[in-house]
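Reading through the structure tokens given below for one structure.
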Amino acid sequence: MTTHGPGGARAVARCDALGLAPYSDAADGLYRAYLTPAHRAALDRTGAWMVEAGMTVRLDPAANLIGRYEGTAEAPALLIGSHIDSVRDAGRYDGPLGLMLGIECVAALAEQGRRMPFPIEVIAFGDEEGSRFPAAMLTSRAVAGTLPLAALAIADAEGVDLGDALRMFDASHESLCGGSGIASQWPLGIGNYLAAARAPGSTLAYLEAHIEQGPVLEAAGLAVGTVTGIAAQRRYAVVVTGTAGHAGTISMPLRRDALAAAAEMVLAAERIARAAASDLVATVGRLEALPGAANVIPGRVAFTLDVRAGDAPRRDAAAAAILAEIHAIAARRGVVATADRVHDLPPSPCDPGLMDLLDAATQAAGQPVRRLVSGAGHDAMAMASLCPTAMLFVRCAGGVSHNPAEAVDPADADIALAVMRGFIDRLGETLA
Ligand code: HGY
Ligand code: MN
Ligand code: MN
């Protein structure tokens with residue numbers, strides 16, 4: 001039987017506390033993007049919770065916040081993490097719940113005066129969602145050592161490049177916190193960014209708890225599940241260029257309407273993914289038409305295309321079919337379409353031995369064992385290049401996520417905490 005303590009409820013309450021200004025960049029609702037004032041404020045608050053739990057705290061060169069709890073020996077660390085950034089109009093638990101549960105794991109050990117035979121580090125990754133820059137998982141890829149230097153040559157929609165964003169974030173330490181918050185030990189900038197990489201062999205394992213963001217656990221009446229792996233994902237930035245013109249004077253056959261072409265492209269992506277009748281999914285989640293006026297034929301449209309599947313060959317074949325269709329539609333309509341690949345991650349299996357440890361800890365917490373696959377992406381995908389990874393899913397109401405209605409039962413968070421603590425104990429036993 002599980003005994004419920006205050007840890008799960010506190011983790012949920014802390015996610016809730018980060019759901020509003022100053023921890024959101026939006027006036028109403030939650031939007032916390034990488035290297036913004038809200039990111040800075042959330043890191044300072046989370047850093048204070050880490051210190052309270054008994055950790056020493058630092059920022060790495062990619063602006064990841066890391067709390068460290070020493071072990072009984074100098075040994076590769078167990079990393080427990082998730083992301084602090086969010087999508088636009090986000091829920092409060094996608095990302096922060098895994099962080100807050102990691103902090104609770106350490107707080108429980110510290111309260112008992114216990115140390116493991118390995119250090120534990122809790123890491124708040126800064127850019128999992130790719131909400132600001134045309135890339136995703138920048139900071140976990142930097143830690144895993146898989147981020148190429150060329151990937152840093154990016155700018156946000158306002159034209160602020162990553163280097164300037166890092167410098168402004170660094171400067172905001174003084175302006176927003178008066179120096180009282182967590183400062184980086186290095187000047188943040190492109191030059192230092194890749195120094196966030198950890199040496200191969202330096203990390204024992206990576207554990208991430210995350211809301212399921214889907215309906216499987218709820219339908220099965222289960223609080224938690226062991227993730228077996230994460231689907232392959234790829235994103236494109238598509239630009240369609242036609243000719244802007246007067247909406248009243250240019251007859252229909254003479255138009256090169258970028259938005260009408262893009263609309264056909266969106267439907268083609270949906271049709272191709274539906275025809276697969278599998279776990280293959282394709283999404284156009286953002287579309288912007290310019291110049292954006294009721295009386296002007298759109299001359300330029302930019303949209304995102306996100307394609308995922310359990311394995312890379314099927315994802316790649318679907319992406320190629322969608323791109324071919326995009327170009328065919330463009331040619332037929334006399335517009336030009338370009339598609340830049342901005343994100344590409346292979347499927348990421350979780351470590352079988354660590355899955356067994358999670359299953360055993362789940363059983364010991366009095367919960368039925370369930371394994372499930374993740375269609376959503378996670379920093380664990382990037383971390384799998386560095387070390388063995390494990391993920392624990394936590395039931396969320398209605399499977400709803402990327403939506404302000406996201407909800408987690410504190411009792412489920414407490415079960416997740418018990419499982420994570422059991423996992424840490426068992427990991428210690430395997431090293432004894
Ligand atoms: O897009 C994803 O799968 C994740 O939520 N970032
Ligand atoms: Mn997430
Ligand atoms: Mn997300």
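Here's how to read the names in the structure tokens: chain A, B, ... by the order shown, residue numbers from 1 in each chain, ligand numbers from 1 in the order shown.
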For ligand 3, return the neighbouring residues as an mmCIF file with all heavy atoms, in the first residue's frame (distance at most 12 Å; only C-alpha atoms and all ligand atoms).
data_model
loop_
_atom_site.group_PDB
_atom_site.id
_atom_site.type_symbol
_atom_site.label_atom_id
_atom_site.label_comp_id
_atom_site.auth_asym_id
_atom_site.auth_seq_id
_atom_site.Cartn_x
_atom_site.Cartn_y
_atom_site.Cartn_z
ATOM 1 N N TYR A 31 2.812 31.315 -20.730
ATOM 2 C CA TYR A 31 3.751 31.133 -21.838
ATOM 3 C C TYR A 31 5.128 31.501 -21.313
ATOM 4 O O TYR A 31 5.391 32.661 -21.008
ATOM 5 C CB TYR A 31 3.378 32.015 -23.040
ATOM 6 C CG TYR A 31 4.394 31.934 -24.173
ATOM 7 C CD1 TYR A 31 4.901 30.705 -24.590
ATOM 8 C CD2 TYR A 31 4.857 33.078 -24.801
ATOM 9 C CE1 TYR A 31 5.834 30.617 -25.615
ATOM 10 C CE2 TYR A 31 5.792 33.006 -25.828
ATOM 11 C CZ TYR A 31 6.276 31.765 -26.227
ATOM 12 O OH TYR A 31 7.201 31.685 -27.241
ATOM 13 N N ARG A 32 5.979 30.494 -21.167
ATOM 14 C CA ARG A 32 7.317 30.729 -20.636
ATOM 15 C C ARG A 32 8.314 30.204 -21.664
ATOM 16 O O ARG A 32 8.463 28.998 -21.843
ATOM 17 C CB ARG A 32 7.477 29.995 -19.298
ATOM 18 C CG ARG A 32 8.756 30.320 -18.576
ATOM 19 C CD ARG A 32 8.716 29.890 -17.111
ATOM 20 N NE ARG A 32 8.303 28.526 -16.929
ATOM 21 C CZ ARG A 32 7.245 28.123 -16.221
ATOM 22 N NH1 ARG A 32 6.495 29.000 -15.599
ATOM 23 N NH2 ARG A 32 6.939 26.848 -16.115
ATOM 24 N N ALA A 33 8.950 31.130 -22.350
ATOM 25 C CA ALA A 33 9.868 30.740 -23.426
ATOM 26 C C ALA A 33 11.312 30.839 -22.937
ATOM 27 O O ALA A 33 11.613 31.483 -21.932
ATOM 28 C CB ALA A 33 9.639 31.613 -24.648
ATOM 29 N N SER A 82 13.622 17.657 -16.306
ATOM 30 C CA SER A 82 12.574 17.919 -17.292
ATOM 31 C C SER A 82 12.734 19.393 -17.665
ATOM 32 O O SER A 82 13.739 20.011 -17.327
ATOM 33 C CB SER A 82 11.185 17.609 -16.741
ATOM 34 O OG SER A 82 10.253 17.505 -17.816
ATOM 35 N N HIS A 83 11.744 19.960 -18.356
ATOM 36 C CA HIS A 83 11.937 21.318 -18.871
ATOM 37 C C HIS A 83 11.075 22.343 -18.142
ATOM 38 O O HIS A 83 9.988 22.040 -17.659
ATOM 39 C CB HIS A 83 11.640 21.367 -20.368
ATOM 40 C CG HIS A 83 10.240 20.929 -20.727
ATOM 41 N ND1 HIS A 83 9.231 21.824 -20.990
ATOM 42 C CD2 HIS A 83 9.687 19.705 -20.858
ATOM 43 C CE1 HIS A 83 8.129 21.154 -21.288
ATOM 44 N NE2 HIS A 83 8.376 19.863 -21.214
ATOM 45 N N ILE A 84 11.618 23.558 -18.113
ATOM 46 C CA ILE A 84 10.931 24.666 -17.434
ATOM 47 C C ILE A 84 10.227 25.557 -18.449
ATOM 48 O O ILE A 84 9.400 26.389 -18.085
ATOM 49 C CB ILE A 84 11.957 25.464 -16.584
ATOM 50 C CG1 ILE A 84 11.284 26.413 -15.591
ATOM 51 C CG2 ILE A 84 12.922 26.236 -17.447
ATOM 52 C CD1 ILE A 84 11.141 25.851 -14.232
ATOM 53 N N ASP A 85 10.527 25.397 -19.743
ATOM 54 C CA ASP A 85 9.865 26.233 -20.757
ATOM 55 C C ASP A 85 8.504 25.624 -21.100
ATOM 56 O O ASP A 85 8.215 24.482 -20.725
ATOM 57 C CB ASP A 85 10.725 26.360 -22.026
ATOM 58 C CG ASP A 85 10.902 25.054 -22.767
ATOM 59 O OD1 ASP A 85 11.112 24.017 -22.114
ATOM 60 O OD2 ASP A 85 10.820 25.055 -24.014
ATOM 61 N N SER A 86 7.692 26.401 -21.796
ATOM 62 C CA SER A 86 6.332 25.931 -22.099
ATOM 63 C C SER A 86 5.949 26.302 -23.530
ATOM 64 O O SER A 86 6.600 27.128 -24.164
ATOM 65 C CB SER A 86 5.323 26.554 -21.121
ATOM 66 O OG SER A 86 4.966 27.857 -21.545
ATOM 67 N N VAL A 87 4.862 25.692 -23.980
ATOM 68 C CA VAL A 87 4.240 26.137 -25.230
ATOM 69 C C VAL A 87 3.421 27.402 -24.934
ATOM 70 O O VAL A 87 3.314 27.826 -23.789
ATOM 71 C CB VAL A 87 3.321 25.038 -25.828
ATOM 72 C CG1 VAL A 87 4.151 23.851 -26.279
ATOM 73 C CG2 VAL A 87 2.256 24.593 -24.829
ATOM 74 N N ARG A 88 2.850 28.008 -25.973
ATOM 75 C CA ARG A 88 1.955 29.150 -25.774
ATOM 76 C C ARG A 88 0.643 28.661 -25.179
ATOM 77 O O ARG A 88 0.137 27.621 -25.565
ATOM 78 C CB ARG A 88 1.664 29.839 -27.110
ATOM 79 C CG ARG A 88 2.844 30.600 -27.622
ATOM 80 C CD ARG A 88 2.596 31.146 -29.011
ATOM 81 N NE ARG A 88 3.842 31.608 -29.571
ATOM 82 C CZ ARG A 88 4.359 32.814 -29.349
ATOM 83 N NH1 ARG A 88 3.702 33.700 -28.630
ATOM 84 N NH2 ARG A 88 5.525 33.153 -29.874
ATOM 85 N N ASP A 89 0.095 29.441 -24.265
ATOM 86 C CA ASP A 89 -1.170 29.103 -23.624
ATOM 87 C C ASP A 89 -1.096 27.681 -23.055
ATOM 88 O O ASP A 89 -1.937 26.826 -23.342
ATOM 89 C CB ASP A 89 -2.329 29.231 -24.622
ATOM 90 C CG ASP A 89 -3.626 29.566 -23.910
ATOM 91 O OD1 ASP A 89 -3.569 29.995 -22.729
ATOM 92 O OD2 ASP A 89 -4.700 29.381 -24.502
ATOM 93 N N ALA A 90 -0.084 27.477 -22.247
ATOM 94 C CA ALA A 90 0.268 26.131 -21.779
ATOM 95 C C ALA A 90 -0.515 25.718 -20.544
ATOM 96 O O ALA A 90 -1.118 26.544 -19.846
ATOM 97 C CB ALA A 90 1.758 26.106 -21.444
ATOM 98 N N GLY A 91 -0.409 24.422 -20.249
ATOM 99 C CA GLY A 91 -0.786 23.920 -18.934
ATOM 100 C C GLY A 91 0.390 24.109 -17.986
ATOM 101 O O GLY A 91 1.491 24.449 -18.411
ATOM 102 N N ARG A 92 0.178 23.831 -16.719
ATOM 103 C CA ARG A 92 1.198 24.161 -15.721
ATOM 104 C C ARG A 92 2.143 22.993 -15.401
ATOM 105 O O ARG A 92 3.115 23.184 -14.681
ATOM 106 C CB ARG A 92 0.514 24.627 -14.425
ATOM 107 C CG ARG A 92 -0.310 25.885 -14.616
ATOM 108 C CD ARG A 92 -0.887 26.386 -13.308
ATOM 109 N NE ARG A 92 -1.787 25.438 -12.688
ATOM 110 C CZ ARG A 92 -3.089 25.331 -12.951
ATOM 111 N NH1 ARG A 92 -3.647 26.133 -13.833
ATOM 112 N NH2 ARG A 92 -3.835 24.447 -12.334
ATOM 113 N N TYR A 93 1.835 21.789 -15.930
ATOM 114 C CA TYR A 93 2.578 20.604 -15.460
ATOM 115 C C TYR A 93 3.509 19.996 -16.498
ATOM 116 O O TYR A 93 4.374 19.204 -16.145
ATOM 117 C CB TYR A 93 1.572 19.534 -14.982
ATOM 118 C CG TYR A 93 0.583 20.131 -14.019
ATOM 119 C CD1 TYR A 93 -0.715 20.452 -14.421
ATOM 120 C CD2 TYR A 93 0.975 20.451 -12.723
ATOM 121 C CE1 TYR A 93 -1.600 21.052 -13.550
ATOM 122 C CE2 TYR A 93 0.093 21.050 -11.843
ATOM 123 C CZ TYR A 93 -1.199 21.354 -12.274
ATOM 124 O OH TYR A 93 -2.058 21.959 -11.405
ATOM 125 N N ASP A 94 3.317 20.323 -17.762
ATOM 126 C CA ASP A 94 4.151 19.784 -18.841
ATOM 127 C C ASP A 94 5.562 20.340 -18.667
ATOM 128 O O ASP A 94 5.829 21.471 -19.055
ATOM 129 C CB ASP A 94 3.536 20.190 -20.194
ATOM 130 C CG ASP A 94 4.419 19.837 -21.380
ATOM 131 O OD1 ASP A 94 5.467 19.201 -21.178
ATOM 132 O OD2 ASP A 94 4.053 20.218 -22.509
ATOM 133 N N GLY A 95 6.425 19.540 -18.073
ATOM 134 C CA GLY A 95 7.793 19.967 -17.778
ATOM 135 C C GLY A 95 8.004 20.167 -16.291
ATOM 136 O O GLY A 95 8.664 19.341 -15.637
ATOM 137 N N PRO A 96 7.431 21.233 -15.707
ATOM 138 C CA PRO A 96 7.735 21.520 -14.303
ATOM 139 C C PRO A 96 7.433 20.368 -13.330
ATOM 140 O O PRO A 96 8.129 20.204 -12.338
ATOM 141 C CB PRO A 96 6.854 22.741 -13.999
ATOM 142 C CG PRO A 96 6.752 23.442 -15.315
ATOM 143 C CD PRO A 96 6.693 22.333 -16.345
ATOM 144 N N LEU A 97 6.423 19.534 -13.622
ATOM 145 C CA LEU A 97 6.108 18.469 -12.662
ATOM 146 C C LEU A 97 7.315 17.545 -12.451
ATOM 147 O O LEU A 97 7.623 17.171 -11.315
ATOM 148 C CB LEU A 97 4.886 17.652 -13.116
ATOM 149 C CG LEU A 97 4.467 16.586 -12.090
ATOM 150 C CD1 LEU A 97 3.912 17.239 -10.822
ATOM 151 C CD2 LEU A 97 3.444 15.622 -12.670
ATOM 152 N N ASP A 127 14.954 24.717 -23.053
ATOM 153 C CA ASP A 127 14.282 24.821 -24.359
ATOM 154 C C ASP A 127 13.917 23.440 -24.862
ATOM 155 O O ASP A 127 14.608 22.897 -25.707
ATOM 156 C CB ASP A 127 15.191 25.508 -25.386
ATOM 157 C CG ASP A 127 14.629 25.360 -26.794
ATOM 158 O OD1 ASP A 127 13.517 25.846 -27.013
ATOM 159 O OD2 ASP A 127 15.283 24.734 -27.655
ATOM 160 N N GLU A 128 12.866 22.888 -24.309
ATOM 161 C CA GLU A 128 12.414 21.591 -24.821
ATOM 162 C C GLU A 128 11.400 21.794 -25.930
ATOM 163 O O GLU A 128 11.393 21.105 -26.941
ATOM 164 C CB GLU A 128 11.806 20.766 -23.670
ATOM 165 C CG GLU A 128 11.582 19.313 -24.022
ATOM 166 C CD GLU A 128 10.216 19.039 -24.602
ATOM 167 O OE1 GLU A 128 9.384 19.973 -24.658
ATOM 168 O OE2 GLU A 128 9.956 17.912 -25.013
ATOM 169 N N GLU A 129 10.535 22.791 -25.737
ATOM 170 C CA GLU A 129 9.378 22.929 -26.623
ATOM 171 C C GLU A 129 9.725 23.556 -27.976
ATOM 172 O O GLU A 129 8.977 23.396 -28.929
ATOM 173 C CB GLU A 129 8.302 23.791 -25.941
ATOM 174 C CG GLU A 129 7.791 23.229 -24.611
ATOM 175 C CD GLU A 129 6.832 22.058 -24.801
ATOM 176 O OE1 GLU A 129 6.682 21.582 -25.944
ATOM 177 O OE2 GLU A 129 6.239 21.632 -23.808
ATOM 178 N N GLY A 130 10.801 24.314 -28.025
ATOM 179 C CA GLY A 130 11.078 25.027 -29.273
ATOM 180 C C GLY A 130 10.073 26.134 -29.525
ATOM 181 O O GLY A 130 9.744 26.442 -30.672
ATOM 182 N N SER A 131 9.584 26.755 -28.456
ATOM 183 C CA SER A 131 8.543 27.778 -28.601
ATOM 184 C C SER A 131 9.075 29.096 -29.139
ATOM 185 O O SER A 131 8.336 29.867 -29.731
ATOM 186 C CB SER A 131 7.895 28.075 -27.243
ATOM 187 O OG SER A 131 7.360 26.921 -26.685
ATOM 188 N N ALA A 136 14.379 22.767 -31.269
ATOM 189 C CA ALA A 136 13.822 22.274 -30.008
ATOM 190 C C ALA A 136 14.874 21.443 -29.300
ATOM 191 O O ALA A 136 15.813 20.953 -29.931
ATOM 192 C CB ALA A 136 12.563 21.447 -30.259
ATOM 193 N N MET A 137 14.727 21.317 -27.996
ATOM 194 C CA MET A 137 15.671 20.549 -27.168
ATOM 195 C C MET A 137 17.096 21.042 -27.352
ATOM 196 O O MET A 137 18.057 20.257 -27.333
ATOM 197 C CB MET A 137 15.563 19.051 -27.471
ATOM 198 C CG MET A 137 14.183 18.522 -27.157
ATOM 199 S SD MET A 137 14.080 16.753 -27.285
ATOM 200 C CE MET A 137 12.314 16.575 -27.575
ATOM 201 N N HIS A 210 7.006 12.749 -16.126
ATOM 202 C CA HIS A 210 6.298 13.702 -16.987
ATOM 203 C C HIS A 210 4.830 13.318 -17.029
ATOM 204 O O HIS A 210 4.513 12.126 -16.966
ATOM 205 C CB HIS A 210 6.897 13.651 -18.401
ATOM 206 C CG HIS A 210 6.624 14.867 -19.226
ATOM 207 N ND1 HIS A 210 5.390 15.135 -19.775
ATOM 208 C CD2 HIS A 210 7.423 15.897 -19.591
ATOM 209 C CE1 HIS A 210 5.453 16.282 -20.442
ATOM 210 N NE2 HIS A 210 6.678 16.772 -20.345
ATOM 211 N N ILE A 211 3.959 14.289 -17.160
ATOM 212 C CA ILE A 211 2.557 13.912 -17.367
ATOM 213 C C ILE A 211 2.449 13.155 -18.682
ATOM 214 O O ILE A 211 3.197 13.425 -19.628
ATOM 215 C CB ILE A 211 1.612 15.134 -17.343
ATOM 216 C CG1 ILE A 211 2.013 16.177 -18.378
ATOM 217 C CG2 ILE A 211 1.522 15.721 -15.950
ATOM 218 C CD1 ILE A 211 0.932 17.223 -18.610
ATOM 219 N N GLU A 212 1.505 12.231 -18.738
ATOM 220 C CA GLU A 212 1.410 11.379 -19.925
ATOM 221 C C GLU A 212 1.065 12.186 -21.176
ATOM 222 O O GLU A 212 1.506 11.867 -22.266
ATOM 223 C CB GLU A 212 0.370 10.284 -19.704
ATOM 224 C CG GLU A 212 0.271 9.339 -20.897
ATOM 225 C CD GLU A 212 -1.049 8.602 -20.972
ATOM 226 O OE1 GLU A 212 -1.728 8.426 -19.945
ATOM 227 O OE2 GLU A 212 -1.419 8.207 -22.102
ATOM 228 N N GLN A 213 0.243 13.191 -21.036
ATOM 229 C CA GLN A 213 -0.227 14.018 -22.164
ATOM 230 C C GLN A 213 -1.098 13.207 -23.122
ATOM 231 O O GLN A 213 -1.241 13.562 -24.293
ATOM 232 C CB GLN A 213 0.943 14.648 -22.936
ATOM 233 C CG GLN A 213 1.908 15.410 -22.048
ATOM 234 C CD GLN A 213 3.029 16.081 -22.797
ATOM 235 O OE1 GLN A 213 4.018 15.438 -23.130
ATOM 236 N NE2 GLN A 213 2.895 17.363 -23.077
ATOM 237 N N GLY A 214 -1.630 12.100 -22.646
ATOM 238 C CA GLY A 214 -2.492 11.254 -23.451
ATOM 239 C C GLY A 214 -3.427 10.501 -22.522
ATOM 240 O O GLY A 214 -3.320 10.608 -21.293
ATOM 241 N N SER A 374 5.707 6.739 -25.711
ATOM 242 C CA SER A 374 5.431 8.179 -25.704
ATOM 243 C C SER A 374 5.381 8.739 -27.126
ATOM 244 O O SER A 374 6.373 8.661 -27.857
ATOM 245 C CB SER A 374 6.513 8.928 -24.920
ATOM 246 O OG SER A 374 6.294 10.321 -25.036
ATOM 247 N N GLY A 375 4.248 9.306 -27.498
ATOM 248 C CA GLY A 375 4.152 10.015 -28.778
ATOM 249 C C GLY A 375 4.707 11.424 -28.659
ATOM 250 O O GLY A 375 5.135 12.023 -29.648
ATOM 251 N N ALA A 376 4.694 11.965 -27.447
ATOM 252 C CA ALA A 376 5.250 13.301 -27.207
ATOM 253 C C ALA A 376 6.761 13.212 -27.092
ATOM 254 O O ALA A 376 7.301 12.191 -26.670
ATOM 255 C CB ALA A 376 4.667 13.882 -25.924
ATOM 256 N N GLY A 377 7.421 14.284 -27.451
ATOM 257 C CA GLY A 377 8.868 14.343 -27.314
ATOM 258 C C GLY A 377 9.264 14.780 -25.914
ATOM 259 O O GLY A 377 8.486 15.429 -25.208
ATOM 260 N N HIS A 378 10.459 14.415 -25.497
ATOM 261 C CA HIS A 378 10.949 14.774 -24.163
ATOM 262 C C HIS A 378 12.455 14.952 -24.217
ATOM 263 O O HIS A 378 13.118 14.387 -25.095
ATOM 264 C CB HIS A 378 10.598 13.678 -23.152
ATOM 265 C CG HIS A 378 9.131 13.427 -23.049
ATOM 266 N ND1 HIS A 378 8.281 14.301 -22.411
ATOM 267 C CD2 HIS A 378 8.349 12.445 -23.547
ATOM 268 C CE1 HIS A 378 7.045 13.852 -22.508
ATOM 269 N NE2 HIS A 378 7.051 12.734 -23.187
ATOM 270 N N ASP A 379 12.997 15.687 -23.233
ATOM 271 C CA ASP A 379 14.450 15.855 -23.172
ATOM 272 C C ASP A 379 15.167 14.510 -23.072
ATOM 273 O O ASP A 379 16.340 14.410 -23.457
ATOM 274 C CB ASP A 379 14.822 16.747 -21.979
ATOM 275 C CG ASP A 379 14.393 18.189 -22.196
ATOM 276 O OD1 ASP A 379 14.874 18.811 -23.161
ATOM 277 O OD2 ASP A 379 13.549 18.685 -21.424
ATOM 278 N N VAL A 400 -5.406 15.524 -21.348
ATOM 279 C CA VAL A 400 -5.280 16.862 -21.935
ATOM 280 C C VAL A 400 -3.922 17.477 -21.613
ATOM 281 O O VAL A 400 -3.499 17.476 -20.451
ATOM 282 C CB VAL A 400 -6.405 17.790 -21.398
ATOM 283 C CG1 VAL A 400 -6.189 19.230 -21.834
ATOM 284 C CG2 VAL A 400 -7.758 17.274 -21.858
ATOM 285 N N SER A 401 -3.243 18.000 -22.646
ATOM 286 C CA SER A 401 -1.980 18.709 -22.434
ATOM 287 C C SER A 401 -1.789 19.727 -23.556
ATOM 288 O O SER A 401 -2.545 19.739 -24.516
ATOM 289 C CB SER A 401 -0.818 17.719 -22.401
ATOM 290 O OG SER A 401 0.397 18.385 -22.127
ATOM 291 N N HIS A 402 -0.774 20.566 -23.414
ATOM 292 C CA HIS A 402 -0.597 21.719 -24.316
ATOM 293 C C HIS A 402 -1.903 22.510 -24.331
ATOM 294 O O HIS A 402 -2.379 22.950 -25.382
ATOM 295 C CB HIS A 402 -0.174 21.273 -25.725
ATOM 296 C CG HIS A 402 1.270 20.856 -25.785
ATOM 297 N ND1 HIS A 402 1.929 20.570 -26.956
ATOM 298 C CD2 HIS A 402 2.189 20.715 -24.800
ATOM 299 C CE1 HIS A 402 3.191 20.250 -26.690
ATOM 300 N NE2 HIS A 402 3.363 20.331 -25.390
ATOM 301 N N ASN A 403 -2.431 22.719 -23.171
ATOM 302 C CA ASN A 403 -3.752 23.327 -23.008
ATOM 303 C C ASN A 403 -3.827 23.785 -21.546
ATOM 304 O O ASN A 403 -3.403 23.043 -20.655
ATOM 305 C CB ASN A 403 -4.798 22.222 -23.291
ATOM 306 C CG ASN A 403 -6.223 22.715 -23.260
ATOM 307 O OD1 ASN A 403 -6.611 23.473 -22.370
ATOM 308 N ND2 ASN A 403 -7.004 22.270 -24.212
ATOM 309 N N PRO A 404 -4.367 24.969 -21.284
ATOM 310 C CA PRO A 404 -4.412 25.433 -19.891
ATOM 311 C C PRO A 404 -5.227 24.528 -18.975
ATOM 312 O O PRO A 404 -5.111 24.608 -17.754
ATOM 313 C CB PRO A 404 -5.071 26.826 -19.981
ATOM 314 C CG PRO A 404 -5.223 27.137 -21.415
ATOM 315 C CD PRO A 404 -4.885 25.934 -22.244
ATOM 316 N N GLU A 406 -4.803 21.465 -18.496
ATOM 317 C CA GLU A 406 -4.002 20.365 -17.945
ATOM 318 C C GLU A 406 -4.233 20.241 -16.434
ATOM 319 O O GLU A 406 -4.207 21.251 -15.728
ATOM 320 C CB GLU A 406 -2.520 20.746 -18.126
ATOM 321 C CG GLU A 406 -1.680 19.777 -18.855
ATOM 322 C CD GLU A 406 -0.311 20.384 -19.138
ATOM 323 O OE1 GLU A 406 0.315 20.936 -18.223
ATOM 324 O OE2 GLU A 406 0.122 20.316 -20.303
#
Residue list (strand (DSSP E or B), DSSP) for segment 203-326 of chain A, as a VMD selection string: chain A and resid 203 to 211 224 to 230 232 to 241 245 to 246 281 to 283 287 to 290 296 to 297 300 to 309
List the neighbours of segment 313-324 of chain A out to 12 Å using only C-alpha atoms; skip same-chain residues closer than 6 positions along the sequence, and give me the result as a PyMOL selection string. chain A and resi 231-239+264-284+305-307+330-331+337-341+344-347
Tell me, as a ChimeraX atom specification, which residues lie within 8 Å of Asp412 of chain A, counting only C-alpha atoms; anything in the same chain fewer than 3 positions away does not count. /A:8,223-224,394-395,408-409,415-416
Segment 57-68 of chain A environment, 6 Å, only C-alpha atoms, sequence neighbours closer than 3 positions dropped, as a PyMOL selection string: chain A and resi 50+120-126+139+184+188+192-193+196
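Among A:Val336, A:Ile326, A:Ala364, A:Met391, the residue with the shortest atom-to-atom distance to ligand 2, counting only C-alpha atoms and all ligand atoms, is A:Met391.
If you look at atom CA of Gly189 of chain A and atom CA of Met381 of chain A, they are 24.6 Å away from each other.
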Could you tell me how far atom CA of Asp161 of chain A lies from atom CA of Gly178 of chain A, in Å and to one decimal?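 These atoms are spaced 25.1 Å apart.
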Counting only C-alpha atoms, which of A:Ala9, A:Val240, A:Leu431, A:Val373 gets nearest to Arg333 of chain A? A:Val240
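The list of residues with at least one atom within 6 Å of Cys350 of chain A, based on only C-alpha atoms and without residues fewer than 6 positions apart in the same chain, reads Thr228, Gly229, Thr389 and Ala390 of chain A.
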Just list as a PyMOL selection string whatever in segment 343-384 of chain A DSSP marks as alpha helix (DSSP H). chain A and resi 352-364+379-383
Just to confirm, what's the straight-line distance from atom CA of Ala195 of chain A to atom CA of Gly159 of chain A in Å (one decimal)? 24.9 Å
Pick the closest to ligand 2 from A:Asp351, A:Glu208, A:Glu218, A:Asp356: which is it, counting only C-alpha atoms and all ligand atoms? A:Glu208
